[in-house]
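query-v2.cif follows; it contains mmCIF, C-alpha atoms and all ligand atoms.
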```
data_model
#
loop_
_atom_site.label_atom_id
_atom_site.label_comp_id
_atom_site.auth_asym_id
_atom_site.auth_seq_id
_atom_site.Cartn_x
_atom_site.Cartn_y
_atom_site.Cartn_z
CA MET A 163 0.00 0.00 0.00
CA ILE A 164 1.45 3.34 -0.99
CA ILE A 165 0.57 6.08 1.46
CA LYS A 166 0.00 9.34 -0.35
CA SER A 167 -1.74 11.12 2.48
CA ALA A 168 -2.71 10.50 6.07
CA GLU A 169 -4.49 13.02 8.23
CA PHE A 170 -6.14 13.10 11.60
CA ILE A 171 -9.81 14.04 11.17
CA ILE A 172 -11.68 13.89 14.47
CA SER A 173 -11.80 12.44 17.97
CA ALA A 174 -15.43 11.44 18.03
CA VAL A 175 -17.25 11.15 21.34
CA SER A 176 -20.63 10.35 19.80
CA ALA A 177 -22.00 8.78 16.63
CA LYS A 178 -23.17 12.19 15.40
CA GLN A 179 -19.56 13.14 14.81
CA TYR A 180 -18.67 10.22 12.54
CA PRO A 181 -17.71 11.26 8.98
CA GLU A 182 -20.53 11.09 6.49
CA GLU A 183 -18.94 10.67 3.06
CA GLY A 184 -19.41 6.91 3.16
CA LEU A 185 -15.73 5.95 2.85
CA PRO A 186 -14.83 2.45 4.08
CA GLU A 187 -13.57 2.16 7.64
CA ILE A 188 -11.07 -0.24 9.21
CA ALA A 189 -11.15 -0.23 13.00
CA LEU A 190 -8.39 -1.14 15.46
CA ALA A 191 -9.44 -2.83 18.66
CA GLY A 192 -7.44 -4.06 21.59
CA ARG A 193 -6.51 -3.60 25.20
CA SER A 194 -5.36 -0.27 26.40
CA ASN A 195 -1.63 0.20 25.72
CA VAL A 196 -1.43 -2.86 23.47
CA GLY A 197 -0.12 -0.83 20.53
CA LYS A 198 -3.13 0.20 18.39
CA SER A 199 -1.90 3.71 17.67
CA SER A 200 1.63 2.39 17.07
CA LEU A 201 0.32 0.01 14.41
CA ILE A 202 -1.45 2.85 12.60
CA ASN A 203 1.72 4.94 12.69
CA LYS A 204 3.76 2.04 11.34
CA ILE A 205 1.38 1.45 8.44
CA ILE A 206 1.33 5.11 7.43
CA ASN A 207 5.03 5.44 8.19
CA ARG A 208 4.68 8.38 10.54
CA LYS A 209 6.25 8.68 13.97
CA ASN A 210 3.35 10.10 15.88
CA LEU A 211 0.27 10.99 13.85
CA ALA A 212 -1.76 8.60 15.97
CA ARG A 213 -0.84 9.62 19.47
CA THR A 214 0.91 6.90 21.41
CA SER A 215 1.64 6.85 25.09
CA SER A 216 3.23 4.72 27.72
CA GLN A 217 0.30 5.71 29.95
CA PRO A 218 -2.58 3.34 29.29
CA GLY A 219 -6.03 4.67 28.58
CA LYS A 220 -4.91 7.63 26.54
CA THR A 221 -7.22 7.05 23.59
CA GLN A 222 -10.74 7.36 25.02
CA THR A 223 -12.53 8.45 21.89
CA LEU A 224 -12.98 7.08 18.37
CA ASN A 225 -10.10 8.65 16.50
CA TYR A 226 -10.52 8.94 12.75
CA TYR A 227 -7.56 9.01 10.37
CA LYS A 228 -8.19 9.52 6.67
CA ILE A 229 -5.81 7.61 4.43
CA ASN A 230 -5.22 8.46 0.75
CA GLU A 231 -8.64 10.16 0.64
CA GLU A 232 -9.80 6.57 0.26
CA PHE A 233 -10.58 5.01 3.63
CA TYR A 234 -10.47 5.65 7.37
CA PHE A 235 -8.59 4.02 10.20
CA VAL A 236 -10.68 4.19 13.34
CA ASP A 237 -8.59 3.90 16.49
CA LEU A 238 -11.02 2.53 19.10
CA PRO A 239 -10.72 3.24 22.83
CA GLY A 240 -8.64 0.55 24.51
CA TYR A 241 -10.43 -1.75 26.94
CA GLY A 242 -9.24 -3.31 30.17
CA PHE A 243 -7.87 -0.19 31.79
CA ALA A 244 -7.98 -1.06 35.49
CA LYS A 245 -7.81 2.44 36.91
CA VAL A 246 -11.09 3.77 35.53
CA SER A 247 -14.43 3.45 37.28
CA LYS A 248 -16.81 0.64 36.43
CA GLU A 249 -19.28 3.20 35.20
CA LEU A 250 -16.83 4.66 32.70
CA ARG A 251 -15.86 1.16 31.61
CA ASN A 252 -19.45 0.30 30.86
CA LYS A 253 -19.85 3.51 28.91
CA TRP A 254 -16.85 2.64 26.75
CA ALA A 255 -18.12 -0.89 26.18
CA GLU A 256 -21.48 0.46 25.06
CA PHE A 257 -19.87 3.03 22.77
CA ILE A 258 -17.62 0.44 21.11
CA GLU A 259 -20.35 -2.17 20.82
CA ASP A 260 -22.67 0.38 19.24
CA TYR A 261 -20.06 1.32 16.69
CA LEU A 262 -19.22 -2.30 15.84
CA SER A 263 -22.82 -3.38 15.51
CA LYS A 264 -24.29 -0.39 13.68
CA ARG A 265 -21.64 1.26 11.56
CA GLU A 266 -22.50 0.37 7.98
CA VAL A 267 -19.25 1.49 6.36
CA LEU A 268 -17.17 -0.61 8.76
CA GLN A 269 -15.41 -3.16 6.55
CA GLY A 270 -13.24 -4.96 9.04
CA VAL A 271 -11.46 -4.91 12.38
CA ILE A 272 -7.83 -5.43 13.29
CA HIS A 273 -7.88 -7.02 16.73
CA ILE A 274 -4.56 -6.55 18.48
CA ILE A 275 -3.29 -8.86 21.21
CA ASP A 276 -0.04 -8.60 23.18
CA VAL A 277 1.96 -11.70 22.20
CA ARG A 278 3.78 -11.73 25.54
CA HIS A 279 0.77 -12.43 27.73
CA PRO A 280 -2.11 -14.88 27.65
CA PRO A 281 -5.23 -13.19 26.27
CA THR A 282 -7.50 -11.73 28.95
CA GLY A 283 -11.21 -12.33 29.43
CA GLU A 284 -11.83 -9.01 27.70
CA ASP A 285 -9.72 -10.05 24.71
CA CYS A 286 -11.88 -13.15 24.38
CA MET A 287 -15.07 -11.13 24.77
CA MET A 288 -14.01 -8.66 22.08
CA TYR A 289 -13.24 -11.47 19.67
CA ASP A 290 -16.62 -13.03 20.41
CA TRP A 291 -18.33 -9.72 19.61
CA LEU A 292 -16.49 -9.45 16.31
CA THR A 293 -17.55 -12.96 15.40
CA HIS A 294 -21.10 -12.30 16.56
CA PHE A 295 -21.37 -9.18 14.37
CA LYS A 296 -19.80 -11.16 11.50
CA LEU A 297 -17.07 -8.59 11.02
CA PRO A 298 -14.06 -9.60 8.94
CA THR A 299 -11.28 -9.72 11.50
CA LEU A 300 -7.51 -9.86 11.43
CA VAL A 301 -5.88 -10.90 14.71
CA VAL A 302 -2.50 -9.25 15.19
CA ALA A 303 -0.19 -10.50 17.94
CA THR A 304 2.05 -7.52 18.59
CA LYS A 305 5.30 -6.68 20.43
CA ALA A 306 7.00 -9.76 18.95
CA ASP A 307 10.36 -8.06 19.55
CA LYS A 308 9.75 -8.29 23.30
CA ILE A 309 10.03 -12.07 23.47
CA SER A 310 12.63 -14.36 21.95
CA ARG A 311 11.97 -15.94 18.60
CA GLY A 312 11.99 -19.39 20.20
CA GLN A 313 8.95 -18.42 22.29
CA TRP A 314 6.78 -17.14 19.43
CA GLN A 315 5.01 -20.38 18.49
CA LYS A 316 4.20 -21.30 22.08
CA HIS A 317 2.65 -17.89 22.69
CA ILE A 318 0.70 -17.91 19.44
CA LYS A 319 -0.68 -21.33 20.25
CA GLU A 320 -1.83 -20.10 23.63
CA ILE A 321 -3.65 -17.18 21.98
CA LYS A 322 -5.36 -19.52 19.53
CA VAL A 323 -6.48 -21.90 22.25
CA LYS A 324 -7.60 -19.30 24.81
CA MET A 325 -9.49 -17.19 22.27
CA LYS A 326 -10.88 -20.30 20.56
CA LEU A 327 -9.84 -19.03 17.15
CA PRO A 328 -11.18 -21.14 14.30
CA ALA A 329 -8.57 -22.64 11.97
CA SER A 330 -9.74 -20.19 9.28
CA GLN A 331 -8.88 -17.15 11.43
CA GLN A 332 -5.89 -15.26 10.03
CA LEU A 333 -3.32 -14.27 12.68
CA VAL A 334 -0.23 -12.15 12.04
CA LEU A 335 2.76 -11.76 14.33
CA PHE A 336 3.84 -8.11 14.32
CA SER A 337 6.41 -5.74 15.79
CA LYS A 338 6.58 -2.00 15.31
CA GLU A 339 10.31 -2.23 15.99
CA THR A 340 11.21 -4.78 13.31
CA GLY A 341 8.27 -4.19 10.96
CA GLN A 342 7.65 -7.94 10.71
CA GLY A 343 4.11 -8.80 9.73
CA LEU A 344 3.50 -5.42 8.10
CA PRO A 345 3.19 -6.74 4.51
CA GLU A 346 0.52 -9.27 5.58
CA ILE A 347 -1.40 -6.59 7.47
CA THR A 348 -1.43 -4.11 4.57
CA LYS A 349 -2.45 -6.90 2.18
CA TRP A 350 -5.39 -7.77 4.43
CA ILE A 351 -6.43 -4.09 4.53
CA GLU A 352 -6.24 -3.79 0.73
CA ASP A 353 -8.49 -6.83 0.33
CA VAL A 354 -11.04 -6.03 3.00
CA LYS A 355 -11.62 -2.38 2.12
CA LYS A 356 -12.70 -3.35 -1.39
CA ASP A 357 -15.50 -5.67 -0.27
P1 LIG B 401 -4.21 3.33 24.18
O1 LIG B 401 -4.44 4.40 23.16
O2 LIG B 401 -3.87 3.86 25.52
O3 LIG B 401 -5.34 2.35 24.24
O4 LIG B 401 -2.90 2.52 23.74
P2 LIG B 401 -2.53 1.94 22.31
O5 LIG B 401 -3.11 0.59 22.16
O6 LIG B 401 -2.83 2.92 21.23
O7 LIG B 401 -0.95 1.73 22.46
P3 LIG B 401 0.24 2.65 21.92
O8 LIG B 401 0.35 2.51 20.43
O9 LIG B 401 0.11 4.00 22.49
O10 LIG B 401 1.49 1.86 22.53
C1 LIG B 401 1.65 1.69 23.93
C2 LIG B 401 3.12 1.47 24.25
O11 LIG B 401 3.57 0.23 23.68
C3 LIG B 401 4.04 2.54 23.70
O12 LIG B 401 5.05 2.80 24.64
C4 LIG B 401 4.61 1.92 22.44
O13 LIG B 401 5.87 2.42 22.09
C5 LIG B 401 4.70 0.44 22.85
N1 LIG B 401 4.63 -0.47 21.69
C6 LIG B 401 3.62 -0.58 20.79
N2 LIG B 401 3.89 -1.53 19.85
C7 LIG B 401 5.10 -2.04 20.15
C8 LIG B 401 5.95 -3.07 19.55
O14 LIG B 401 5.63 -3.71 18.54
N3 LIG B 401 7.13 -3.32 20.19
C9 LIG B 401 7.52 -2.65 21.30
N4 LIG B 401 8.69 -2.98 21.84
N5 LIG B 401 6.77 -1.68 21.88
C10 LIG B 401 5.58 -1.39 21.32
MG MG B 402 -3.86 4.72 21.27
#
```

Is it possible to express this structure as structure tokens?
Amino acid sequence: MIIKSAEFIISAVSAKQYPEEGLPEIALAGRSNVGKSSLINKIINRKNLARTSSQPGKTQTLNYYKINEEFYFVDLPGYGFAKVSKELRNKWAEFIEDYLSKREVLQGVIHIIDVRHPPTGEDCMMYDWLTHFKLPTLVVATKADKISRGQWQKHIKEIKVKMKLPASQQLVLFSKETGQGLPEITKWIEDVKKD
């Protein structure tokens, strides 16, 4: 994918603010601090267009990035942030679920998991939602550079088992440091945004 332009459009806090031109959208879902914004930056080859942070819970809105005047990346609020109130958590869950279930231009979701740790209950729940809403999904196991190569397969297997991924589910091992997995991810995006 050749990136000709990438611009931040809006941090939406309600559905009324979503863009209306009908361009396809690809959303990024995953735990807070897992590396959603970093993946966007890597794909568009920019250091910090999508704001990243070592403080979890930074992205609390639906952040829209317009790519090549052709489609949008939608950076979803990260789930599983322990330090927020239960009330706020429920609000986020409702907001995300509403978007995933009702957004007609949503073409697919990149679901990001930290390859270092076993998937959490919330990771499993998110994947179940995506399946339930019949959304084309790419599972990305990120931060591959943080564990040794010899550990990769064991960790990937654990993700597959815990999240009950069907054999047909595509999973890509990724690292923003090494760029591994990037060609497979951009290929998936190219294919899914056309459908
Ligand atoms: P929220 O917006 O808070 O939900 O977080 P996020 O999912 O957007 O994560 P973000 O991209 O901000 O990354 C969180 C931290 O993980 C940052 O310090 C990143 O530099 C780091 N990080 C992300 N991806 C990778 C990776 O592939 N390898 C390594 N080593 N660090 C990564
Ligand atoms: Mg973020």

Given a cut-off of 9 Å, what residues near ligand LIG 401 (chain B) show up using all atoms listed in the file, put as a PyMOL selection string?
-> chain A and resi 190-203+212-222+237-241+243+274+276+303-308+336-341

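Selection around (-5.6, -11.3, 20.2) with radius 7 Å, counting all atoms listed in the file, yields the residues His273, Ile274, Ile275, Asp276, Pro281, Asp285, Val301, Val302, Ala303 and Ile321 of chain A.
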
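With distances restricted to all atoms listed in the file, A:Lys319 is the closest residue to Leu333 of chain A from A:Lys166, A:Lys319, A:Lys178, A:Arg208.
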
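For Ile171 of chain A, the list of residues within 10 Å, based on all atoms listed in the file and with local chain neighbours fewer than 3 positions off taken out, reads Ala168, Ala174, Tyr180, Pro181, Asn225, Tyr226, Tyr227, Lys228 and Tyr234 of chain A.
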
Of the residues A:Ile206, A:Ile164, A:Val236, A:Met288, which is the one nearest to ligand MG 402 (chain B), using all atoms listed in the file?
-> A:Val236

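Minimum distance to Glu256 of chain A across A:Thr348, A:Asn210, A:Ser176, A:Gln342 (counting only C-alpha atoms) occurs at A:Ser176.
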
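In terms of minimum interatomic distance to Gly283 of chain A, A:Met325 ranks closest within A:Met325, A:Ile258, A:Val271, A:Ile172, counting all atoms listed in the file.
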
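The space between atom CA of Ile205 of chain A and atom CA of Leu224 of chain A spans 18.3 Å.
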
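Close contacts of Leu297 of chain A, defined as residues with an atom at most 10 Å away when counting all atoms listed in the file, with chain neighbours fewer than 6 positions off set aside, comprise Leu262, Ser263, Leu268, Gln269, Gly270, Val271, Tyr289 and Trp291 of chain A.
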
Which residues come within 12 Å of Gln315 of chain A, counting only C-alpha atoms, excluding same-chain residues fewer than 2 positions away, as a VMD selection string?
-> chain A and resid 277 to 278 303 306 309 to 313 317 to 322 333 to 335

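In this structure, atom CA of Ser173 of chain A sits 16.2 Å away from atom CA of Phe233 of chain A.
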
Protein and nucleic acid residues near (-3.6, -8.4, 4.2) (cut-off 12 Å, all atoms listed in the file) as a PDB file with C-alpha atoms, keeping the file's coordinate frame:
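Generated output (part_1.pdb):
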```pdb
ATOM      1  CA  MET A 163       0.000   0.000   0.000  1.00  0.00           C
ATOM      2  CA  ILE A 205       1.380   1.450   8.440  1.00  0.00           C
ATOM      3  CA  GLY A 270     -13.240  -4.960   9.040  1.00  0.00           C
ATOM      4  CA  VAL A 271     -11.460  -4.910  12.380  1.00  0.00           C
ATOM      5  CA  ILE A 272      -7.830  -5.430  13.290  1.00  0.00           C
ATOM      6  CA  PRO A 298     -14.060  -9.600   8.940  1.00  0.00           C
ATOM      7  CA  THR A 299     -11.280  -9.720  11.500  1.00  0.00           C
ATOM      8  CA  LEU A 300      -7.510  -9.860  11.430  1.00  0.00           C
ATOM      9  CA  VAL A 301      -5.880 -10.900  14.710  1.00  0.00           C
ATOM     10  CA  VAL A 302      -2.500  -9.250  15.190  1.00  0.00           C
ATOM     11  CA  GLN A 332      -5.890 -15.260  10.030  1.00  0.00           C
ATOM     12  CA  LEU A 333      -3.320 -14.270  12.680  1.00  0.00           C
ATOM     13  CA  VAL A 334      -0.230 -12.150  12.040  1.00  0.00           C
ATOM     14  CA  GLY A 343       4.110  -8.800   9.730  1.00  0.00           C
ATOM     15  CA  LEU A 344       3.500  -5.420   8.100  1.00  0.00           C
ATOM     16  CA  PRO A 345       3.190  -6.740   4.510  1.00  0.00           C
ATOM     17  CA  GLU A 346       0.520  -9.270   5.580  1.00  0.00           C
ATOM     18  CA  ILE A 347      -1.400  -6.590   7.470  1.00  0.00           C
ATOM     19  CA  THR A 348      -1.430  -4.110   4.570  1.00  0.00           C
ATOM     20  CA  LYS A 349      -2.450  -6.900   2.180  1.00  0.00           C
ATOM     21  CA  TRP A 350      -5.390  -7.770   4.430  1.00  0.00           C
ATOM     22  CA  ILE A 351      -6.430  -4.090   4.530  1.00  0.00           C
ATOM     23  CA  GLU A 352      -6.240  -3.790   0.730  1.00  0.00           C
ATOM     24  CA  ASP A 353      -8.490  -6.830   0.330  1.00  0.00           C
ATOM     25  CA  VAL A 354     -11.040  -6.030   3.000  1.00  0.00           C
ATOM     26  CA  LYS A 355     -11.620  -2.380   2.120  1.00  0.00           C
ATOM     27  CA  LYS A 356     -12.700  -3.350  -1.390  1.00  0.00           C
TER      28      LYS A 356
END
```

Can segment 283-295 of chain A be brought up to N, CA and C atoms and written out as a compact mmCIF listing (two decimals), in the frame of the given file?
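Now in result.txt:
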```
# COMPACT_ATOMS: atom_id res chain seq x y z
N GLY A 283 -9.78 -12.11 29.63
CA GLY A 283 -11.21 -12.33 29.43
C GLY A 283 -11.79 -11.30 28.47
N GLU A 284 -11.31 -10.07 28.58
CA GLU A 284 -11.83 -9.01 27.70
C GLU A 284 -11.38 -9.20 26.25
N ASP A 285 -10.17 -9.73 26.08
CA ASP A 285 -9.72 -10.05 24.71
C ASP A 285 -10.66 -11.07 24.09
N CYS A 286 -10.99 -12.08 24.88
CA CYS A 286 -11.88 -13.15 24.38
C CYS A 286 -13.26 -12.60 24.08
N MET A 287 -13.74 -11.70 24.96
CA MET A 287 -15.07 -11.13 24.77
C MET A 287 -15.11 -10.28 23.50
N MET A 288 -14.06 -9.49 23.29
CA MET A 288 -14.01 -8.66 22.08
C MET A 288 -14.03 -9.53 20.83
N TYR A 289 -13.27 -10.60 20.84
CA TYR A 289 -13.24 -11.47 19.67
C TYR A 289 -14.62 -12.10 19.45
N ASP A 290 -15.28 -12.47 20.53
CA ASP A 290 -16.62 -13.03 20.41
C ASP A 290 -17.61 -12.02 19.80
N TRP A 291 -17.49 -10.77 20.20
CA TRP A 291 -18.33 -9.72 19.61
C TRP A 291 -18.11 -9.64 18.11
N LEU A 292 -16.83 -9.61 17.73
CA LEU A 292 -16.49 -9.45 16.31
C LEU A 292 -17.07 -10.60 15.49
N THR A 293 -17.00 -11.79 16.07
CA THR A 293 -17.55 -12.96 15.40
C THR A 293 -19.07 -12.84 15.34
N HIS A 294 -19.64 -12.45 16.46
CA HIS A 294 -21.10 -12.30 16.56
C HIS A 294 -21.63 -11.30 15.52
N PHE A 295 -20.94 -10.20 15.34
CA PHE A 295 -21.37 -9.18 14.37
C PHE A 295 -20.92 -9.52 12.96
```
